[in-house]
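Colleague: Got a structure for you, questions after.
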Amino acid sequence: MTAEDRNELTRLQQQARQQFRVCQENIERLGLKMQLVDVEHVFGGERIVVYYLAESRVDFRELVRVLAGEFQTRIEMRQIGVRDEAKLLADYGDCGCPVCCNTHLVQMPPVSMRMAKLQKATLDPTKISGRCGRLKCCLRYEYENYEHAPPAVQDETPKENDQAPMTNDENQMTNDE
């Protein structure tokens with residue numbers, strides 16, 4: 001990336017902040033039932049991508065006309081889900097690492113409560129929910145190991161209050177959620 005490219009990228013990012021404000025004002029003025037998430041000015045400046053959340057379908061044709069007139073460029077509207085919002089905006093997860101959806105996940109795999117139960121994870125929603133408010137994607141990583149483990153191995157997993165033999169003395173399993 002040349003110095004000229006870096007300057008252009010900086011300029012586009014500054015424009016995007018101003019475009020976000022203008023877009024938010026127009027959404028409110030038109031009374032659209034949508035939440036603006038991000039505005040991205042595509043490198044090269046040929047179009048602006050507007051990311052939004054909405055419970056149902058939104059007729060944004062008037063908004064596109066207004067924004068296209070205001071910015072004199074093509075406007076692309078993209079409705080996204082809460083996982084996609086986390087991918088765009090989130091930084092770090094509870095584990096202290098960058099969120100998986102923002103670093104290495106290309107697809108957002110489905111995650112179910114069954115996965116959490118099989119792994120004997122806590123079922124407290126505040127502890128198994130990610131930044132997006134949905135079940136954490138990391139529950140999916142270990143799922144296959146638990147699912148395909150022979151029943152004998154699953155049965156050998158210590159339960160709460162079981163005695164765990166150690167070299168010197170006995171210790172009791174606890175549930176420190």
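Residue names in the structure tokens use chain letters A, B, ... in the order shown, residue numbers from 1 in each chain, and ligand numbers from 1 in the order shown.
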Set the distance at 10 Å and use only C-alpha atoms: which residues neighbour Glu70 (chain A) once local chain neighbours fewer than 3 positions away are removed? I'd like the list as a ChimeraX atom specification.
Modeller: /A:19,22-23,64-67,73
Colleague: Could you dump the residues just selected with N, CA, C and O atoms as a JSON list (two decimals), in the first residue's frame?
Modeller:
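Done, and the output landed in again29.json:
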[["chain", "number", "residue", "atom", "x", "y", "z"],
["A", 19, "GLN", "N", -20.80, 10.32, 7.00],
["A", 19, "GLN", "CA", -21.90, 9.67, 6.28],
["A", 19, "GLN", "C", -22.78, 8.88, 7.24],
["A", 19, "GLN", "O", -24.00, 8.81, 7.04],
["A", 22, "VAL", "N", -25.16, 11.40, 8.81],
["A", 22, "VAL", "CA", -26.18, 11.82, 7.85],
["A", 22, "VAL", "C", -27.20, 10.71, 7.64],
["A", 22, "VAL", "O", -28.41, 10.95, 7.61],
["A", 23, "CYS", "N", -26.72, 9.50, 7.51],
["A", 23, "CYS", "CA", -27.60, 8.35, 7.31],
["A", 23, "CYS", "C", -28.52, 8.16, 8.51],
["A", 23, "CYS", "O", -29.73, 7.95, 8.35],
["A", 64, "VAL", "N", -32.51, 5.41, 0.16],
["A", 64, "VAL", "CA", -31.47, 5.25, -0.87],
["A", 64, "VAL", "C", -31.46, 6.46, -1.81],
["A", 64, "VAL", "O", -30.40, 6.99, -2.15],
["A", 65, "ARG", "N", -32.66, 6.93, -2.21],
["A", 65, "ARG", "CA", -32.73, 8.11, -3.09],
["A", 65, "ARG", "C", -32.11, 9.33, -2.42],
["A", 65, "ARG", "O", -31.33, 10.06, -3.03],
["A", 66, "VAL", "N", -32.47, 9.54, -1.15],
["A", 66, "VAL", "CA", -31.95, 10.70, -0.42],
["A", 66, "VAL", "C", -30.43, 10.62, -0.28],
["A", 66, "VAL", "O", -29.71, 11.60, -0.54],
["A", 67, "LEU", "N", -29.92, 9.43, 0.13],
["A", 67, "LEU", "CA", -28.48, 9.27, 0.33],
["A", 67, "LEU", "C", -27.71, 9.38, -0.98],
["A", 67, "LEU", "O", -26.63, 9.98, -1.03],
["A", 73, "THR", "N", -23.19, 9.11, -5.11],
["A", 73, "THR", "CA", -22.58, 7.81, -5.38],
["A", 73, "THR", "C", -23.63, 6.72, -5.20],
["A", 73, "THR", "O", -24.72, 6.98, -4.70]]
Colleague: Write out as a count of residues only the set of residues from region 11-177 of chain A that DSSP, computed on the backbone, places in alpha helix (DSSP H).
Modeller: 68
Colleague: Please identify which residues in region 14-175 of chain A DSSP calls strand (DSSP E) from the backbone, and express them as a ChimeraX atom specification.
Modeller: /A:35-41,47-53,74-79,163-165,170-172
Colleague: Using only C-alpha atoms, which residues sit within 9 Å of Tyr143 (chain A) once same-chain residues fewer than 3 positions away are excluded, as a list in words?
Modeller: Met115, Ala116, Leu118, Gln119, Leu139, Arg140, Tyr146, Glu147 and His148 of chain A
Colleague: Selection from above, C-alpha atoms, as a PDB file, in the first residue's frame, can you write it?
Modeller:
ATOM      1  CA  MET A 115     -23.931 -28.513  22.305  1.00  0.00           C
ATOM      2  CA  ALA A 116     -23.658 -26.711  25.635  1.00  0.00           C
ATOM      3  CA  LEU A 118     -23.331 -32.244  25.932  1.00  0.00           C
ATOM      4  CA  GLN A 119     -20.186 -30.379  26.998  1.00  0.00           C
ATOM      5  CA  LEU A 139     -19.206 -24.135  21.835  1.00  0.00           C
ATOM      6  CA  ARG A 140     -19.013 -25.548  18.325  1.00  0.00           C
ATOM      7  CA  TYR A 146     -17.824 -34.777  22.840  1.00  0.00           C
ATOM      8  CA  GLU A 147     -20.348 -36.111  20.342  1.00  0.00           C
ATOM      9  CA  HIS A 148     -18.102 -38.859  18.987  1.00  0.00           C
TER      10      HIS A 148
END
Colleague: Quick one: pull the distance between CA of Leu36 (chain A) and CA of Gln107 (chain A), Å, one decimal.
Modeller: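 Here the two named atoms are 22.6 Å from each other.
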